[in-house]
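Structure below is my_file21.pdb: PDB, C-alpha atoms.
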ATOM      1  CA  MET Z  77       0.000   0.000   0.000
ATOM      2  CA  THR Z  78       1.375   3.408  -0.919
ATOM      3  CA  THR Z  79       1.124   6.351   1.434
ATOM      4  CA  PRO Z  80      -1.229   9.010   0.065
ATOM      5  CA  SER Z  81       0.258  12.382  -0.731
ATOM      6  CA  ILE Z  82      -0.023  15.045   1.950
ATOM      7  CA  SER Z  83      -1.089  17.705  -0.584
ATOM      8  CA  ARG Z  84      -2.423  18.121  -4.106
ATOM      9  CA  TYR Z  85       0.460  20.560  -4.665
ATOM     10  CA  PRO Z  86       4.168  19.810  -4.839
ATOM     11  CA  VAL Z  87       5.688  19.448  -1.359
ATOM     12  CA  PRO Z  88       9.210  20.855  -1.261
ATOM     13  CA  LYS Z  89      12.041  18.814   0.181
ATOM     14  CA  LEU Z  90      13.304  20.052   3.526
ATOM     15  CA  GLU Z  91      16.786  20.679   2.144
ATOM     16  CA  ASP Z  92      15.373  22.886  -0.638
ATOM     17  CA  LEU Z  93      13.538  25.275   1.712
ATOM     18  CA  PRO Z  94      14.810  28.711   2.737
ATOM     19  CA  GLU Z  95      16.942  28.525   5.895
ATOM     20  CA  ASP Z  96      14.432  30.269   8.197
ATOM     21  CA  ILE Z  97      11.629  27.892   7.218
ATOM     22  CA  ARG Z  98      13.859  24.824   7.417
ATOM     23  CA  ALA Z  99      15.062  25.886  10.898
ATOM     24  CA  ARG Z 100      11.492  26.310  12.168
ATOM     25  CA  ILE Z 101      10.429  22.936  10.763
ATOM     26  CA  LEU Z 102      13.425  21.211  12.360
ATOM     27  CA  GLU Z 103      12.593  22.909  15.675
ATOM     28  CA  VAL Z 104       9.018  21.579  15.475
ATOM     29  CA  GLN Z 105      10.299  18.117  14.563
ATOM     30  CA  GLU Z 106      12.664  18.150  17.543
ATOM     31  CA  LYS Z 107       9.861  19.120  19.911
ATOM     32  CA  SER Z 108       7.114  16.818  18.598
ATOM     33  CA  GLY Z 109       9.098  13.924  17.142
ATOM     34  CA  PHE Z 110       7.654  14.416  13.646
ATOM     35  CA  VAL Z 111       6.892  17.174  11.146
ATOM     36  CA  PRO Z 112       3.199  18.088  11.003
ATOM     37  CA  ASN Z 113       2.172  17.977   7.348
ATOM     38  CA  VAL Z 114       0.874  21.565   7.420
ATOM     39  CA  PHE Z 115       4.451  22.822   7.732
ATOM     40  CA  LEU Z 116       5.514  20.994   4.581
ATOM     41  CA  ALA Z 117       2.366  21.447   2.504
ATOM     42  CA  LEU Z 118       2.198  25.215   2.993
ATOM     43  CA  ALA Z 119       5.937  25.573   2.286
ATOM     44  CA  HIS Z 120       4.936  25.341  -1.373
ATOM     45  CA  ARG Z 121       4.738  29.148  -1.098
ATOM     46  CA  PRO Z 122       7.415  30.385   1.323
ATOM     47  CA  ALA Z 123       6.233  34.011   1.673
ATOM     48  CA  GLU Z 124       2.706  32.877   2.489
ATOM     49  CA  TRP Z 125       4.102  30.206   4.855
ATOM     50  CA  ARG Z 126       5.905  32.923   6.828
ATOM     51  CA  ALA Z 127       2.787  35.110   7.043
ATOM     52  CA  PHE Z 128       0.578  32.163   7.991
ATOM     53  CA  PHE Z 129       2.794  30.965  10.840
ATOM     54  CA  ALA Z 130       3.482  34.487  12.101
ATOM     55  CA  PHE Z 131      -0.277  35.065  12.411
ATOM     56  CA  HIS Z 132      -0.773  31.596  13.902
ATOM     57  CA  ASP Z 133       1.834  32.229  16.583
ATOM     58  CA  ALA Z 134       0.486  35.708  17.354
ATOM     59  CA  LEU Z 135      -2.940  34.195  18.057
ATOM     60  CA  MET Z 136      -2.157  30.819  19.568
ATOM     61  CA  GLU Z 137       1.028  31.323  21.587
ATOM     62  CA  LYS Z 138       0.422  34.634  23.365
ATOM     63  CA  GLU Z 139      -0.786  35.275  26.880
ATOM     64  CA  SER Z 140      -4.520  35.843  26.787
ATOM     65  CA  GLY Z 141      -7.706  35.682  28.814
ATOM     66  CA  LEU Z 142      -8.329  32.444  26.916
ATOM     67  CA  THR Z 143      -6.251  29.456  27.906
ATOM     68  CA  LYS Z 144      -4.305  27.648  25.207
ATOM     69  CA  ALA Z 145      -6.732  24.739  25.622
ATOM     70  CA  GLU Z 146      -9.720  27.061  25.093
ATOM     71  CA  ARG Z 147      -8.174  28.419  21.892
ATOM     72  CA  GLU Z 148      -7.749  24.826  20.714
ATOM     73  CA  MET Z 149     -11.423  24.147  21.564
ATOM     74  CA  ILE Z 150     -12.351  26.971  19.202
ATOM     75  CA  VAL Z 151     -10.177  25.480  16.465
ATOM     76  CA  VAL Z 152     -11.618  21.978  16.876
ATOM     77  CA  ALA Z 153     -15.288  23.041  17.007
ATOM     78  CA  THR Z 154     -15.127  25.487  14.100
ATOM     79  CA  SER Z 155     -12.885  23.240  11.996
ATOM     80  CA  ASN Z 156     -15.458  20.474  12.324
ATOM     81  CA  ALA Z 157     -18.171  22.921  11.224
ATOM     82  CA  ASN Z 158     -15.986  23.765   8.213
ATOM     83  CA  GLY Z 159     -15.422  20.077   7.386
ATOM     84  CA  CYS Z 160     -11.651  20.244   7.881
ATOM     85  CA  GLN Z 161     -10.322  16.812   8.741
ATOM     86  CA  TYR Z 162      -6.735  18.020   9.038
ATOM     87  CA  CYS Z 163      -7.459  20.684  11.652
ATOM     88  CA  VAL Z 164      -9.920  18.576  13.651
ATOM     89  CA  VAL Z 165      -7.390  15.743  13.897
ATOM     90  CA  ALA Z 166      -4.256  17.858  14.452
ATOM     91  CA  HIS Z 167      -5.775  20.392  16.826
ATOM     92  CA  GLY Z 168      -7.808  17.687  18.538
ATOM     93  CA  ALA Z 169      -4.471  16.123  19.494
ATOM     94  CA  ILE Z 170      -3.167  19.458  20.758
ATOM     95  CA  LEU Z 171      -6.405  20.047  22.687
ATOM     96  CA  ARG Z 172      -6.160  16.661  24.402
ATOM     97  CA  ILE Z 173      -2.617  17.506  25.495
ATOM     98  CA  ARG Z 174      -3.295  21.100  26.574
ATOM     99  CA  ALA Z 175      -6.489  20.189  28.435
ATOM    100  CA  ARG Z 176      -4.895  17.024  29.865
ATOM    101  CA  ASN Z 177      -8.121  15.284  28.936
ATOM    102  CA  PRO Z 178      -8.230  12.374  26.447
ATOM    103  CA  LEU Z 179     -11.991  12.769  25.845
ATOM    104  CA  VAL Z 180     -12.523  16.484  25.325
ATOM    105  CA  ALA Z 181     -11.409  16.834  21.700
ATOM    106  CA  ASP Z 182     -13.785  14.177  20.393
ATOM    107  CA  GLN Z 183     -16.633  15.630  22.460
ATOM    108  CA  VAL Z 184     -15.987  19.178  21.223
ATOM    109  CA  ALA Z 185     -15.606  18.071  17.606
ATOM    110  CA  VAL Z 186     -18.802  16.039  17.529
ATOM    111  CA  ASN Z 187     -21.088  18.278  19.606
ATOM    112  CA  TYR Z 188     -19.548  20.811  21.968
ATOM    113  CA  ARG Z 189     -22.979  21.466  23.517
ATOM    114  CA  LYS Z 190     -22.828  17.968  25.054
ATOM    115  CA  ALA Z 191     -19.120  18.079  25.889
ATOM    116  CA  ASP Z 192     -17.807  17.967  29.435
ATOM    117  CA  ILE Z 193     -16.781  21.630  29.403
ATOM    118  CA  THR Z 194     -17.898  24.619  31.459
ATOM    119  CA  PRO Z 195     -20.916  26.821  30.638
ATOM    120  CA  ARG Z 196     -18.385  29.629  30.053
ATOM    121  CA  GLN Z 197     -16.570  27.524  27.446
ATOM    122  CA  LYS Z 198     -19.878  26.601  25.793
ATOM    123  CA  ALA Z 199     -20.730  30.320  25.519
ATOM    124  CA  MET Z 200     -17.286  30.894  23.976
ATOM    125  CA  LEU Z 201     -17.909  28.134  21.424
ATOM    126  CA  ASP Z 202     -21.442  29.395  20.682
ATOM    127  CA  PHE Z 203     -19.870  32.711  19.730
ATOM    128  CA  ALA Z 204     -17.037  31.131  17.746
ATOM    129  CA  MET Z 205     -19.519  29.043  15.779
ATOM    130  CA  LYS Z 206     -21.559  32.161  15.024
ATOM    131  CA  VAL Z 207     -18.420  33.898  13.759
ATOM    132  CA  ALA Z 208     -17.549  30.820  11.686
ATOM    133  CA  LEU Z 209     -20.966  30.203  10.163
ATOM    134  CA  ASP Z 210     -22.924  33.477  10.305
ATOM    135  CA  SER Z 211     -20.575  36.350  11.125
ATOM    136  CA  GLY Z 212     -22.968  38.903   9.654
ATOM    137  CA  ALA Z 213     -25.383  38.112  12.489
ATOM    138  CA  VAL Z 214     -22.897  38.932  15.294
ATOM    139  CA  ASN Z 215     -24.347  41.761  17.390
ATOM    140  CA  ASP Z 216     -24.079  43.566  20.716
ATOM    141  CA  ALA Z 217     -26.192  40.912  22.448
ATOM    142  CA  ASP Z 218     -23.411  38.393  21.763
ATOM    143  CA  PHE Z 219     -20.937  40.634  23.574
ATOM    144  CA  ILE Z 220     -23.324  41.069  26.508
ATOM    145  CA  THR Z 221     -23.693  37.301  26.836
ATOM    146  CA  LEU Z 222     -19.926  36.804  26.773
ATOM    147  CA  HIS Z 223     -19.382  39.616  29.296
ATOM    148  CA  GLU Z 224     -21.863  37.844  31.603
ATOM    149  CA  HIS Z 225     -19.577  34.790  31.411
ATOM    150  CA  GLY Z 226     -16.558  36.853  32.456
ATOM    151  CA  PHE Z 227     -14.981  37.505  29.063
ATOM    152  CA  ASN Z 228     -13.720  40.982  28.214
ATOM    153  CA  ASP Z 229     -13.608  42.623  24.791
ATOM    154  CA  GLU Z 230     -10.011  41.501  24.175
ATOM    155  CA  ASP Z 231     -11.004  37.889  24.876
ATOM    156  CA  ILE Z 232     -13.865  38.275  22.406
ATOM    157  CA  TRP Z 233     -11.443  39.657  19.811
ATOM    158  CA  ASP Z 234      -9.272  36.575  20.376
ATOM    159  CA  MET Z 235     -12.269  34.278  19.886
ATOM    160  CA  GLY Z 236     -13.117  35.975  16.605
ATOM    161  CA  ALA Z 237      -9.525  36.141  15.380
ATOM    162  CA  VAL Z 238      -8.822  32.457  16.123
ATOM    163  CA  THR Z 239     -12.059  31.483  14.390
ATOM    164  CA  ALA Z 240     -11.334  33.651  11.352
ATOM    165  CA  PHE Z 241      -7.716  32.534  11.038
ATOM    166  CA  PHE Z 242      -8.667  28.877  11.184
ATOM    167  CA  GLY Z 243     -11.424  29.523   8.645
ATOM    168  CA  LEU Z 244      -8.547  30.369   6.293
ATOM    169  CA  SER Z 245      -6.543  27.370   7.478
ATOM    170  CA  ASN Z 246      -9.532  25.028   7.058
ATOM    171  CA  ARG Z 247     -10.133  26.194   3.522
ATOM    172  CA  MET Z 248      -6.470  25.876   2.529
ATOM    173  CA  ALA Z 249      -6.243  22.397   4.068
ATOM    174  CA  ASN Z 250      -9.405  21.286   2.262
ATOM    175  CA  MET Z 251      -8.390  22.845  -1.048
ATOM    176  CA  THR Z 252      -4.915  21.315  -0.995
ATOM    177  CA  GLY Z 253      -6.135  17.913   0.234
ATOM    178  CA  MET Z 254      -3.844  18.173   3.261
ATOM    179  CA  ARG Z 255      -3.626  14.855   5.070
ATOM    180  CA  PRO Z 256      -3.278  14.654   8.871
ATOM    181  CA  ASN Z 257      -0.176  12.875  10.122
ATOM    182  CA  ASP Z 258      -0.901   9.433  11.540
ATOM    183  CA  GLU Z 259       0.904  10.471  14.747
ATOM    184  CA  PHE Z 260      -1.878  12.906  15.652
ATOM    185  CA  TYR Z 261      -4.505  10.205  16.092
ATOM    186  CA  LEU Z 262      -3.007   8.738  19.260
ATOM    187  CA  MET Z 263      -1.497  11.872  20.809
ATOM    188  CA  GLY Z 264      -2.907  12.733  24.219
ATOM    189  CA  ARG Z 265      -5.136   9.677  24.400
ATOM    190  CA  LEU Z 266      -2.933   7.591  26.666
ATOM    191  CA  PRO Z 267      -0.507   8.610  29.413
ATOM    192  CA  LYS Z 268       3.059   9.145  28.201
ATOM    193  CA  GLN Z 269       5.372   6.190  28.715
ATOM    194  CA  LYS Z 270       8.263   6.987  31.047
TER     195      LYS Z 270
END

Once more with this new file: its structure as structure tokens, please.
Amino acid sequence: MTTPSISRYPVPKLEDLPEDIRARILEVQEKSGFVPNVFLALAHRPAEWRAFFAFHDALMEKESGLTKAEREMIVVATSNANGCQYCVVAHGAILRIRARNPLVADQVAVNYRKADITPRQKAMLDFAMKVALDSGAVNDADFITLHEHGFNDEDIWDMGAVTAFFGLSNRMANMTGMRPNDEFYLMGRLPKQK
């Protein structure tokens, strides 16, 4: 059996990439033990790769009123709504690890309203889904609801920005036929072996 391609577009070889991109990919490989396919597939266009990962890091790695696990919840729920297998699988793995919960990613992906998460997190995901699927309907009442759950306007900006960014990511992954790495499927499901 042959391994399916990770993208409909040519995937550059690591040694052929610009030094800054190659260094970042090797850093990710060192940390995770493999290279997530998104890093290779999007390297087809180096300038866009740089912009994509700079925006990703600005949203997902900063200090915020949203925990890193909550940002991953947004990615998983909205990526499922957008039909993006790559992001549901990859960010589901990251969510399991960041939440230290092997069940939460599957629950959030399938139906976050029935997931074992807090009412505050459900309100966050209600808003993210509205941004993802009907952003023209977002109104002041949405902000009032989120404020009642303890979110401030900067948190709400983060919810919208993460949702919008991953809307782009979902569409690129679907368009290119990006395949999730097999490694993602088991990550965070079982305790790490010592």

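Of note, CA of Gly253 (chain Z) and CA of Ile150 (chain Z) are spaced 21.9 Å apart.
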
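Distances to Glu124 (chain Z) were evaluated for Z:Arg174, Z:Val207, Z:Gly226, Z:Met248 using only C-alpha atoms, and the minimum falls at Z:Met248.
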
Check: Could you pull the residues within 9 Å of region 137-144 of chain Z, counting all atoms listed in the file, minus those fewer than 6 positions along the same chain, as a ChimeraX atom specification?
Finding: /Z:171,174-175,227-228,230-231,234-235

With all atoms listed in the file as the counted atoms, please give the residues lying no more than 12 Å from Ala123 (chain Z), apart from itself and same-chain residues fewer than 6 positions off, as a PDB file with C-alpha atoms, keeping the file's coordinate frame.
ATOM      1  CA  LEU Z  93      13.538  25.275   1.712  1.00  0.00           C
ATOM      2  CA  PRO Z  94      14.810  28.711   2.737  1.00  0.00           C
ATOM      3  CA  ASP Z  96      14.432  30.269   8.197  1.00  0.00           C
ATOM      4  CA  ILE Z  97      11.629  27.892   7.218  1.00  0.00           C
ATOM      5  CA  PHE Z 129       2.794  30.965  10.840  1.00  0.00           C
ATOM      6  CA  ALA Z 130       3.482  34.487  12.101  1.00  0.00           C
TER       7      ALA Z 130
END

Checklist line | Expected selection from the PyMOL selection byres ((chain Z and resi 191-203) around 8), given as number ranges by chain | finding: Z: 146, 149-150, 153, 180, 183-184, 187-190, 204-207, 218, 221-222, 225-226, 235

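Distance-wise, CA of Ile82 (chain Z) and CA of Asn177 (chain Z) end up 28.2 Å apart.
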
Next item on the list: Run the PyMOL selection byres ((chain Z and resi 154) around 8) on the file and write out the hits as a VMD selection string.
Entry: chain Z and resid 150 to 153 155 to 158 204 to 205 208 239 242 to 243

Check: the PyMOL selection byres ((chain Z and resi 115) around 10) on the file shown: which residues, as an MDAnalysis selection string?
Finding: chainID Z and resid 87 97:98 100:101 104 111:114 116:120 125 129

Take the residues from that selection and write them out as a short mmCIF file (atom, residue, chain, number, x, y, z; two decimals), in the coordinates of the input, keeping C-alpha atoms.
data_model
loop_
_atom_site.label_atom_id
_atom_site.label_comp_id
_atom_site.auth_asym_id
_atom_site.auth_seq_id
_atom_site.Cartn_x
_atom_site.Cartn_y
_atom_site.Cartn_z
CA VAL Z 87 5.69 19.45 -1.36
CA ILE Z 97 11.63 27.89 7.22
CA ARG Z 98 13.86 24.82 7.42
CA ARG Z 100 11.49 26.31 12.17
CA ILE Z 101 10.43 22.94 10.76
CA VAL Z 104 9.02 21.58 15.48
CA VAL Z 111 6.89 17.17 11.15
CA PRO Z 112 3.20 18.09 11.00
CA ASN Z 113 2.17 17.98 7.35
CA VAL Z 114 0.87 21.56 7.42
CA LEU Z 116 5.51 20.99 4.58
CA ALA Z 117 2.37 21.45 2.50
CA LEU Z 118 2.20 25.22 2.99
CA ALA Z 119 5.94 25.57 2.29
CA HIS Z 120 4.94 25.34 -1.37
CA TRP Z 125 4.10 30.21 4.86
CA PHE Z 129 2.79 30.96 10.84
#

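For the pair CA of Ser81 (chain Z) and CA of Pro256 (chain Z), the interatomic distance is 10.5 Å.
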
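Of the residues listed (Z:Pro122, Z:Met136, Z:Glu95, Z:Tyr162), Z:Tyr162 shows the shortest atom-to-atom separation from Asn246 (chain Z); distances use all atoms listed in the file.
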
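Restricting the calculation to all atoms listed in the file, the smallest distance between Gly159 (chain Z) and any of Z:Ala213, Z:Ala181, Z:Ile220, Z:Ala249 is found for Z:Ala249.
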
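Proximity ranking of Z:Leu179, Z:Ala217, Z:Leu244, Z:Ile170 relative to Ser108 (chain Z) places Z:Ile170 first, based on all atoms listed in the file.
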